[in-house]
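Taking it in order: structure first as structure tokens, then the write-up.
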Amino acid sequence: FPTTIQGVITSRLDRLSPPLQVTLKVASVVGRIFQLRVLQQVHPIEAERPQLPEQLVSLEQLSITQLETPEPELAYIFKHIITQEVAYNLMLYSQRQALHSAVAEWYEQAHEYDLSSYYSVLAYHWRKAGVVGKTVDYLEKAGEQALRDGAFEEAVDLLTEAIKQMGQQSEADMTENGRLLRLARWERQIGRAFFGLGRLQTSREHLYQALTLL
């Protein structure tokens with residue numbers, strides 16, 4: 001018998017039919033809450049897409065997922081986040097990358113006229129897909145949006161991650177001056193966020209770092 005909760009869940013998922021296993025794995029990439037229309041667009045087996053509504057009902061009956069939003073924006077949620085994590089980890093890294101890329105592309109196309117509500121989601125999926133340039137762009141937009149909205153802790157997290165990701169970006173993607181200016185802007189914005197949080201010494205350190213970069 002499995003000795004861990006992950007082992008118990010893996011054993012249970014292994015007993016599902018192959019089509020249900022694939023659908024569950026794809027759903028785990030989309031997110032803990034996943035919409036049917038997203039699932040239908042990114043599911044790698046086109047012949048299975050018409051069967052997805054029926055499969056999702058089956059997964060709900062098995063108490064693996066449950067209904068989150070009814071029609072017309074039909075969406076389900078994993079009942080337990082550990083189930084999502086187990087299903088996710090049953091895939092190869094390359095499979096997860098391809099699916100994250102497909103999900104990110106779907107969001108860009110479906111909401112091309114206004115992506116502002118999806119900056120963080122897009123940053124997450126492009127990071128998981130290994131596309132550093134787009135990851136940095138969306139982290140920057142999400143961080144600046146959070147700063148404008150007064151969500152200072154979120155702004156710090158997003159812009160700090162942007163700086164981290166920038167370190168993985170190819171030097172051929174931008175000039176050294178362009179890179180330094182961008183980093184300086186983020187340091188200044190992080191400084192503003194810490195100022196908003198009342199952490200004045202930390203704010204000063206980041207503002208000084210921005211001046212140093214400039």
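Chain lettering (A, B, ...) mirrors the order of the structure tokens, residue numbering begins at 1 for each chain separately, and ligand numbering begins at 1 in order of display.
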
Spatial neighbours of Ser11 (chain A), 12 Å, only C-alpha atoms, chain gap at least 2 places, as a compact mmCIF listing (two decimals) with N, CA and C atoms, in the first residue's frame:
```txt
# COMPACT_ATOMS: atom_id res chain seq x y z
N PHE A 1 0.84 -1.19 0.00
CA PHE A 1 0.00 0.00 0.00
C PHE A 1 0.88 1.25 0.00
N PRO A 2 0.43 2.33 -0.68
CA PRO A 2 1.20 3.59 -0.67
C PRO A 2 1.31 4.12 0.75
N THR A 3 2.44 4.71 1.07
CA THR A 3 2.69 5.21 2.43
C THR A 3 2.53 6.73 2.52
N THR A 4 2.28 7.41 1.44
CA THR A 4 2.09 8.86 1.46
C THR A 4 0.78 9.21 0.77
N ILE A 5 0.26 10.41 1.07
CA ILE A 5 -0.98 10.84 0.44
C ILE A 5 -0.79 10.96 -1.07
N GLN A 6 0.41 11.40 -1.49
CA GLN A 6 0.68 11.49 -2.93
C GLN A 6 0.64 10.10 -3.56
N GLY A 7 1.15 9.11 -2.85
CA GLY A 7 1.12 7.75 -3.36
C GLY A 7 -0.29 7.22 -3.49
N VAL A 8 -1.13 7.52 -2.51
CA VAL A 8 -2.53 7.10 -2.56
C VAL A 8 -3.23 7.72 -3.77
N ILE A 9 -2.99 9.03 -3.98
CA ILE A 9 -3.63 9.72 -5.10
C ILE A 9 -3.11 9.18 -6.44
N LEU A 13 -5.34 7.65 -9.45
CA LEU A 13 -5.34 8.20 -10.82
C LEU A 13 -4.92 7.13 -11.83
N ASP A 14 -4.04 6.24 -11.43
CA ASP A 14 -3.60 5.18 -12.32
C ASP A 14 -4.74 4.24 -12.71
N ARG A 15 -5.78 4.21 -11.89
CA ARG A 15 -6.92 3.33 -12.19
C ARG A 15 -7.94 3.98 -13.10
N LEU A 16 -7.77 5.26 -13.40
CA LEU A 16 -8.67 5.94 -14.34
C LEU A 16 -8.41 5.44 -15.76
N GLN A 21 -7.27 10.17 -17.65
CA GLN A 21 -5.95 10.53 -17.14
C GLN A 21 -5.37 11.71 -17.93
N THR A 83 -4.12 16.78 -5.40
CA THR A 83 -4.50 16.00 -6.59
C THR A 83 -4.00 16.68 -7.85
N VAL A 86 -0.21 16.15 -8.05
CA VAL A 86 0.15 14.79 -8.43
C VAL A 86 -0.07 14.58 -9.92
N ALA A 87 -1.23 15.01 -10.43
CA ALA A 87 -1.53 14.86 -11.86
C ALA A 87 -0.50 15.62 -12.70
N LEU A 90 2.88 13.85 -12.97
CA LEU A 90 2.88 12.59 -13.71
C LEU A 90 3.29 12.80 -15.18
```

Q | Spatial neighbours of Gly196 (chain A), max dist 10 Å, only C-alpha atoms, sep filter under 6 positions, as a ChimeraX atom specification | A | /A:147,150-153,190,203

For the selection you just gave me, I'd like the residues written to a file as a JSON list (two decimals), in the first residue's frame, keeping N, CA and C atoms.
```json
[["chain", "number", "residue", "atom", "x", "y", "z"],
["A", 147, "LEU", "N", 1.52, 47.93, -8.41],
["A", 147, "LEU", "CA", 2.01, 49.15, -7.77],
["A", 147, "LEU", "C", 0.97, 50.27, -7.89],
["A", 150, "GLY", "N", -1.87, 49.84, -5.51],
["A", 150, "GLY", "CA", -1.56, 49.87, -4.10],
["A", 150, "GLY", "C", -1.32, 48.50, -3.48],
["A", 151, "ALA", "N", -1.19, 47.46, -4.33],
["A", 151, "ALA", "CA", -0.89, 46.11, -3.84],
["A", 151, "ALA", "C", 0.63, 45.99, -3.74],
["A", 152, "PHE", "N", 1.21, 46.62, -2.72],
["A", 152, "PHE", "CA", 2.66, 46.81, -2.66],
["A", 152, "PHE", "C", 3.43, 45.49, -2.49],
["A", 153, "GLU", "N", 2.95, 44.59, -1.65],
["A", 153, "GLU", "CA", 3.66, 43.33, -1.47],
["A", 153, "GLU", "C", 3.68, 42.52, -2.76],
["A", 190, "ILE", "N", 10.32, 49.02, -6.96],
["A", 190, "ILE", "CA", 10.36, 48.23, -5.73],
["A", 190, "ILE", "C", 10.57, 49.15, -4.53],
["A", 203, "SER", "N", 13.32, 50.55, 1.39],
["A", 203, "SER", "CA", 12.98, 51.41, 0.26],
["A", 203, "SER", "C", 14.21, 52.19, -0.19]]
```

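With only C-alpha atoms as the basis for measurement, A:Asn89 is the residue among A:Gln145, A:Asn89, A:Gln201, A:Thr212 that approaches Val29 (chain A) most closely.
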
Q. DSSP says strand (DSSP E) for which residues of chain A? Put them as a list in words?
A.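 Selection result, strand (DSSP E) within chain A: Ile33, Phe34, Gln35, Thr65, Gln66, Leu67, Glu68, Thr69, Ala75, Tyr76, Ile77 and Phe78 of chain A.
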
Q | Spatial neighbours of Thr69 (chain A), max dist 10 Å, only C-alpha atoms, sep filter under 5 positions, as a ChimeraX atom specification | A | /A:33-35,74-77

Suppose we keep N, CA and C atoms; can you now write the selection as a PDB file, in the first residue's frame?
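Saved the output as selection07.pdb:
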```pdb
ATOM      1  N   ILE A  33      -8.409  25.908 -10.879  1.00  0.00           N
ATOM      2  CA  ILE A  33      -9.706  26.155 -11.516  1.00  0.00           C
ATOM      3  C   ILE A  33      -9.474  26.187 -13.021  1.00  0.00           C
ATOM      4  N   PHE A  34     -10.227  25.425 -13.770  1.00  0.00           N
ATOM      5  CA  PHE A  34     -10.011  25.355 -15.211  1.00  0.00           C
ATOM      6  C   PHE A  34     -11.340  25.409 -15.952  1.00  0.00           C
ATOM      7  N   GLN A  35     -11.377  26.210 -17.003  1.00  0.00           N
ATOM      8  CA  GLN A  35     -12.575  26.347 -17.823  1.00  0.00           C
ATOM      9  C   GLN A  35     -12.597  25.288 -18.919  1.00  0.00           C
ATOM     10  N   LEU A  74     -18.566  27.428 -18.155  1.00  0.00           N
ATOM     11  CA  LEU A  74     -18.409  26.194 -17.397  1.00  0.00           C
ATOM     12  C   LEU A  74     -16.970  26.019 -16.920  1.00  0.00           C
ATOM     13  N   ALA A  75     -16.823  25.849 -15.614  1.00  0.00           N
ATOM     14  CA  ALA A  75     -15.482  25.679 -15.035  1.00  0.00           C
ATOM     15  C   ALA A  75     -15.554  24.716 -13.865  1.00  0.00           C
ATOM     16  N   TYR A  76     -14.452  24.007 -13.658  1.00  0.00           N
ATOM     17  CA  TYR A  76     -14.343  23.050 -12.564  1.00  0.00           C
ATOM     18  C   TYR A  76     -13.124  23.397 -11.714  1.00  0.00           C
ATOM     19  N   ILE A  77     -13.075  22.824 -10.510  1.00  0.00           N
ATOM     20  CA  ILE A  77     -11.952  23.030  -9.612  1.00  0.00           C
ATOM     21  C   ILE A  77     -11.508  21.679  -9.056  1.00  0.00           C
TER      22      ILE A  77
END
```

Q.
Can you pull out the residues contacting Thr23 (chain A)? Cut-off 8 Å, using only C-alpha atoms, and skip same-chain residues under 4 positions away; I want them as a ChimeraX atom specification.
A. /A:19,27,43,52,55

Writing out the chosen residues with N, CA and C atoms as a PDB file, in the first residue's frame:
```pdb
ATOM      1  N   PRO A  19      -8.160   8.101 -21.340  1.00  0.00           N
ATOM      2  CA  PRO A  19      -8.666   9.439 -21.712  1.00  0.00           C
ATOM      3  C   PRO A  19      -8.874  10.345 -20.504  1.00  0.00           C
ATOM      4  N   ALA A  27      -5.763  19.473 -17.444  1.00  0.00           N
ATOM      5  CA  ALA A  27      -6.439  20.399 -16.539  1.00  0.00           C
ATOM      6  C   ALA A  27      -5.492  20.885 -15.446  1.00  0.00           C
ATOM      7  N   HIS A  43      -6.237  20.790 -25.331  1.00  0.00           N
ATOM      8  CA  HIS A  43      -6.142  19.336 -25.213  1.00  0.00           C
ATOM      9  C   HIS A  43      -5.376  18.787 -26.419  1.00  0.00           C
ATOM     10  N   LEU A  52     -14.985  15.911 -23.884  1.00  0.00           N
ATOM     11  CA  LEU A  52     -14.546  16.546 -22.639  1.00  0.00           C
ATOM     12  C   LEU A  52     -15.688  16.857 -21.667  1.00  0.00           C
ATOM     13  N   GLN A  55     -16.422  13.721 -19.901  1.00  0.00           N
ATOM     14  CA  GLN A  55     -15.306  13.316 -19.044  1.00  0.00           C
ATOM     15  C   GLN A  55     -15.270  14.141 -17.758  1.00  0.00           C
TER      16      GLN A  55
END
```

Residues of region 28-130 of chain A at most 12 Å from region 156-161 of chain A: nearest atom pair and distance in Å, only C-alpha atoms, as JSON lines:
```
{"residue": "A:Tyr119", "atom": "CA", "partner": "A:Leu158", "partner_atom": "CA", "distance": 10.5}
{"residue": "A:Ser120", "atom": "CA", "partner": "A:Leu158", "partner_atom": "CA", "distance": 8.4}
{"residue": "A:Val121", "atom": "CA", "partner": "A:Leu158", "partner_atom": "CA", "distance": 11.7}
{"residue": "A:Ala123", "atom": "CA", "partner": "A:Leu158", "partner_atom": "CA", "distance": 9.4}
{"residue": "A:Tyr124", "atom": "CA", "partner": "A:Leu158", "partner_atom": "CA", "distance": 10.5}
{"residue": "A:Arg127", "atom": "CA", "partner": "A:Glu161", "partner_atom": "CA", "distance": 10.4}
```

Tell me which protein, DNA and RNA residues are within 12 Å of region 133-137 of chain A, counting only C-alpha atoms, leaving out same-chain ones fewer than 4 positions away, and put them as an mmCIF file with N, CA, C and O atoms, in the first residue's frame.
```
data_model
loop_
_atom_site.group_PDB
_atom_site.id
_atom_site.type_symbol
_atom_site.label_atom_id
_atom_site.label_comp_id
_atom_site.auth_asym_id
_atom_site.auth_seq_id
_atom_site.Cartn_x
_atom_site.Cartn_y
_atom_site.Cartn_z
ATOM 1 N N HIS A 100 1.807 24.476 -21.186
ATOM 2 C CA HIS A 100 1.843 25.844 -20.645
ATOM 3 C C HIS A 100 1.919 26.861 -21.787
ATOM 4 O O HIS A 100 1.269 27.907 -21.739
ATOM 5 N N SER A 101 2.708 26.558 -22.793
ATOM 6 C CA SER A 101 2.810 27.438 -23.952
ATOM 7 C C SER A 101 1.461 27.565 -24.654
ATOM 8 O O SER A 101 1.036 28.668 -25.033
ATOM 9 N N ALA A 104 -0.893 29.757 -22.531
ATOM 10 C CA ALA A 104 -0.520 31.174 -22.638
ATOM 11 C C ALA A 104 -0.958 31.756 -23.969
ATOM 12 O O ALA A 104 -1.503 32.867 -24.033
ATOM 13 N N GLU A 105 -0.749 31.016 -25.041
ATOM 14 C CA GLU A 105 -1.161 31.473 -26.366
ATOM 15 C C GLU A 105 -2.674 31.628 -26.443
ATOM 16 O O GLU A 105 -3.181 32.562 -27.081
ATOM 17 N N GLU A 108 -3.600 34.901 -24.787
ATOM 18 C CA GLU A 108 -3.215 36.044 -25.625
ATOM 19 C C GLU A 108 -4.189 36.236 -26.782
ATOM 20 O O GLU A 108 -4.510 37.370 -27.144
ATOM 21 N N TYR A 119 -2.183 39.498 -16.797
ATOM 22 C CA TYR A 119 -0.724 39.636 -16.806
ATOM 23 C C TYR A 119 -0.042 38.587 -15.928
ATOM 24 O O TYR A 119 0.931 37.948 -16.334
ATOM 25 N N SER A 120 -0.552 38.404 -14.706
ATOM 26 C CA SER A 120 0.078 37.444 -13.792
ATOM 27 C C SER A 120 -0.067 36.013 -14.295
ATOM 28 O O SER A 120 0.868 35.203 -14.198
ATOM 29 N N VAL A 121 -1.238 35.697 -14.837
ATOM 30 C CA VAL A 121 -1.482 34.355 -15.379
ATOM 31 C C VAL A 121 -0.538 34.083 -16.548
ATOM 32 O O VAL A 121 0.054 33.000 -16.655
ATOM 33 N N LEU A 122 -0.393 35.067 -17.422
ATOM 34 C CA LEU A 122 0.484 34.906 -18.583
ATOM 35 C C LEU A 122 1.947 34.782 -18.156
ATOM 36 O O LEU A 122 2.695 33.971 -18.719
ATOM 37 N N ALA A 123 2.347 35.558 -17.160
ATOM 38 C CA ALA A 123 3.726 35.454 -16.660
ATOM 39 C C ALA A 123 3.981 34.053 -16.116
ATOM 40 O O ALA A 123 5.041 33.460 -16.366
ATOM 41 N N TYR A 124 3.010 33.516 -15.392
ATOM 42 C CA TYR A 124 3.155 32.177 -14.814
ATOM 43 C C TYR A 124 3.309 31.121 -15.910
ATOM 44 O O TYR A 124 4.235 30.298 -15.872
ATOM 45 N N HIS A 125 2.415 31.146 -16.895
ATOM 46 C CA HIS A 125 2.446 30.105 -17.925
ATOM 47 C C HIS A 125 3.674 30.229 -18.830
ATOM 48 O O HIS A 125 4.276 29.214 -19.200
ATOM 49 N N TRP A 126 4.070 31.458 -19.191
ATOM 50 C CA TRP A 126 5.262 31.602 -20.032
ATOM 51 C C TRP A 126 6.529 31.209 -19.257
ATOM 52 O O TRP A 126 7.472 30.662 -19.844
ATOM 53 N N ARG A 127 6.540 31.451 -17.944
ATOM 54 C CA ARG A 127 7.701 31.016 -17.145
ATOM 55 C C ARG A 127 7.790 29.499 -17.127
ATOM 56 O O ARG A 127 8.863 28.921 -17.310
ATOM 57 N N LYS A 128 6.650 28.852 -16.942
ATOM 58 C CA LYS A 128 6.625 27.387 -16.939
ATOM 59 C C LYS A 128 6.942 26.824 -18.324
ATOM 60 O O LYS A 128 7.464 25.704 -18.443
ATOM 61 N N ALA A 129 6.644 27.603 -19.364
ATOM 62 C CA ALA A 129 6.942 27.160 -20.730
ATOM 63 C C ALA A 129 8.405 27.395 -21.096
ATOM 64 O O ALA A 129 8.873 26.939 -22.137
ATOM 65 N N LYS A 141 4.649 44.090 -16.426
ATOM 66 C CA LYS A 141 3.312 44.691 -16.528
ATOM 67 C C LYS A 141 2.481 44.403 -15.290
ATOM 68 O O LYS A 141 1.774 45.277 -14.778
ATOM 69 N N ALA A 142 2.559 43.162 -14.801
ATOM 70 C CA ALA A 142 1.794 42.796 -13.609
ATOM 71 C C ALA A 142 2.302 43.552 -12.387
ATOM 72 O O ALA A 142 1.504 44.013 -11.552
ATOM 73 N N GLY A 143 3.628 43.702 -12.272
ATOM 74 C CA GLY A 143 4.204 44.420 -11.148
ATOM 75 C C GLY A 143 3.825 45.887 -11.151
ATOM 76 O O GLY A 143 3.476 46.457 -10.104
ATOM 77 N N GLU A 144 3.886 46.524 -12.316
ATOM 78 C CA GLU A 144 3.525 47.938 -12.418
ATOM 79 C C GLU A 144 2.035 48.140 -12.138
ATOM 80 O O GLU A 144 1.641 49.128 -11.516
ATOM 81 N N LEU A 158 6.458 40.465 -7.717
ATOM 82 C CA LEU A 158 6.464 40.362 -9.182
ATOM 83 C C LEU A 158 7.708 41.002 -9.788
ATOM 84 O O LEU A 158 8.355 40.428 -10.673
ATOM 85 N N LEU A 159 8.069 42.182 -9.324
ATOM 86 C CA LEU A 159 9.223 42.879 -9.888
ATOM 87 C C LEU A 159 10.538 42.235 -9.460
ATOM 88 O O LEU A 159 11.504 42.230 -10.233
ATOM 89 N N THR A 160 10.562 41.660 -8.262
ATOM 90 C CA THR A 160 11.754 40.913 -7.840
ATOM 91 C C THR A 160 11.942 39.685 -8.715
ATOM 92 O O THR A 160 13.070 39.342 -9.108
ATOM 93 N N GLU A 161 10.838 39.021 -9.040
ATOM 94 C CA GLU A 161 10.914 37.861 -9.935
ATOM 95 C C GLU A 161 11.335 38.288 -11.338
ATOM 96 O O GLU A 161 12.068 37.561 -12.024
ATOM 97 N N ALA A 162 10.892 39.477 -11.775
ATOM 98 C CA ALA A 162 11.303 39.987 -13.089
ATOM 99 C C ALA A 162 12.820 40.177 -13.135
ATOM 100 O O ALA A 162 13.471 39.833 -14.135
ATOM 101 N N ILE A 163 13.383 40.714 -12.060
ATOM 102 C CA ILE A 163 14.839 40.895 -11.987
ATOM 103 C C ILE A 163 15.551 39.537 -12.042
ATOM 104 O O ILE A 163 16.554 39.364 -12.745
ATOM 105 N N LYS A 164 15.002 38.576 -11.325
ATOM 106 C CA LYS A 164 15.574 37.229 -11.320
ATOM 107 C C LYS A 164 15.530 36.610 -12.712
ATOM 108 O O LYS A 164 16.512 36.033 -13.193
ATOM 109 N N GLN A 165 14.393 36.734 -13.371
ATOM 110 C CA GLN A 165 14.237 36.162 -14.711
ATOM 111 C C GLN A 165 15.118 36.875 -15.732
ATOM 112 O O GLN A 165 15.617 36.261 -16.670
ATOM 113 N N MET A 166 15.311 38.180 -15.548
ATOM 114 C CA MET A 166 16.164 38.949 -16.448
ATOM 115 C C MET A 166 17.575 38.361 -16.492
ATOM 116 O O MET A 166 18.244 38.364 -17.530
ATOM 117 N N GLY A 167 18.017 37.819 -15.361
ATOM 118 C CA GLY A 167 19.338 37.211 -15.305
ATOM 119 C C GLY A 167 19.474 35.987 -16.185
ATOM 120 O O GLY A 167 20.588 35.575 -16.520
ATOM 121 N N GLN A 168 18.335 35.400 -16.588
ATOM 122 C CA GLN A 168 18.360 34.220 -17.441
ATOM 123 C C GLN A 168 18.164 34.574 -18.919
ATOM 124 O O GLN A 168 18.220 33.706 -19.779
ATOM 125 N N GLN A 169 17.901 35.856 -19.186
ATOM 126 C CA GLN A 169 17.636 36.282 -20.557
ATOM 127 C C GLN A 169 18.938 36.435 -21.337
ATOM 128 O O GLN A 169 19.952 36.881 -20.807
ATOM 129 N N SER A 170 18.886 36.073 -22.596
ATOM 130 C CA SER A 170 20.059 36.167 -23.455
ATOM 131 C C SER A 170 20.477 37.615 -23.617
ATOM 132 O O SER A 170 19.642 38.505 -23.805
ATOM 133 N N GLU A 171 21.777 37.865 -23.543
ATOM 134 C CA GLU A 171 22.282 39.236 -23.702
ATOM 135 C C GLU A 171 22.011 39.782 -25.095
ATOM 136 O O GLU A 171 21.998 40.987 -25.304
ATOM 137 N N ALA A 172 21.783 38.881 -26.052
ATOM 138 C CA ALA A 172 21.508 39.322 -27.421
ATOM 139 C C ALA A 172 20.116 39.929 -27.561
ATOM 140 O O ALA A 172 19.808 40.580 -28.552
ATOM 141 N N ASP A 173 19.250 39.720 -26.515
ATOM 142 C CA ASP A 173 17.875 40.195 -26.602
ATOM 143 C C ASP A 173 17.752 41.704 -26.420
ATOM 144 O O ASP A 173 16.734 42.293 -26.775
ATOM 145 N N MET A 174 18.780 42.350 -25.836
ATOM 146 C CA MET A 174 18.708 43.801 -25.661
ATOM 147 C C MET A 174 20.126 44.337 -25.438
ATOM 148 O O MET A 174 21.055 43.578 -25.132
ATOM 149 N N ARG A 179 19.181 47.077 -20.835
ATOM 150 C CA ARG A 179 19.018 46.172 -19.700
ATOM 151 C C ARG A 179 19.171 46.923 -18.381
ATOM 152 O O ARG A 179 18.377 46.758 -17.453
ATOM 153 N N ARG A 182 16.207 49.202 -17.638
ATOM 154 C CA ARG A 182 15.035 48.430 -17.216
ATOM 155 C C ARG A 182 15.181 47.975 -15.763
ATOM 156 O O ARG A 182 14.241 48.076 -14.969
ATOM 157 N N LEU A 183 16.358 47.484 -15.430
ATOM 158 C CA LEU A 183 16.615 47.069 -14.049
ATOM 159 C C LEU A 183 16.494 48.247 -13.082
ATOM 160 O O LEU A 183 15.943 48.107 -11.985
ATOM 161 N N TRP A 186 12.865 49.000 -12.396
ATOM 162 C CA TRP A 186 12.262 48.036 -11.468
ATOM 163 C C TRP A 186 12.723 48.285 -10.042
ATOM 164 O O TRP A 186 11.925 48.190 -9.108
#
```

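Between Arg192 (chain A) and the candidates A:His80, A:Lys25, A:Arg148, A:Arg12, the tightest atom-to-atom separation, counting only C-alpha atoms, involves A:Arg148.
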
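Between CA of Leu36 (chain A) and CA of Leu56 (chain A) the separation is 8.5 Å.
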
Q. Where in region 73-169 of chain A does DSSP assign helix (DSSP H, G or I), given as a ChimeraX atom specification?
A. /A:81-89,93-110,116-129,132-148,152-166

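Here CA of Tyr138 (chain A) and CA of Leu92 (chain A) stand 25.5 Å from one another.
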
Q. Which is closer to Ser28 (chain A) than all the others in A:Glu48, A:Glu71, A:Glu85, A:Asp149, using only C-alpha atoms?
A. A:Glu85
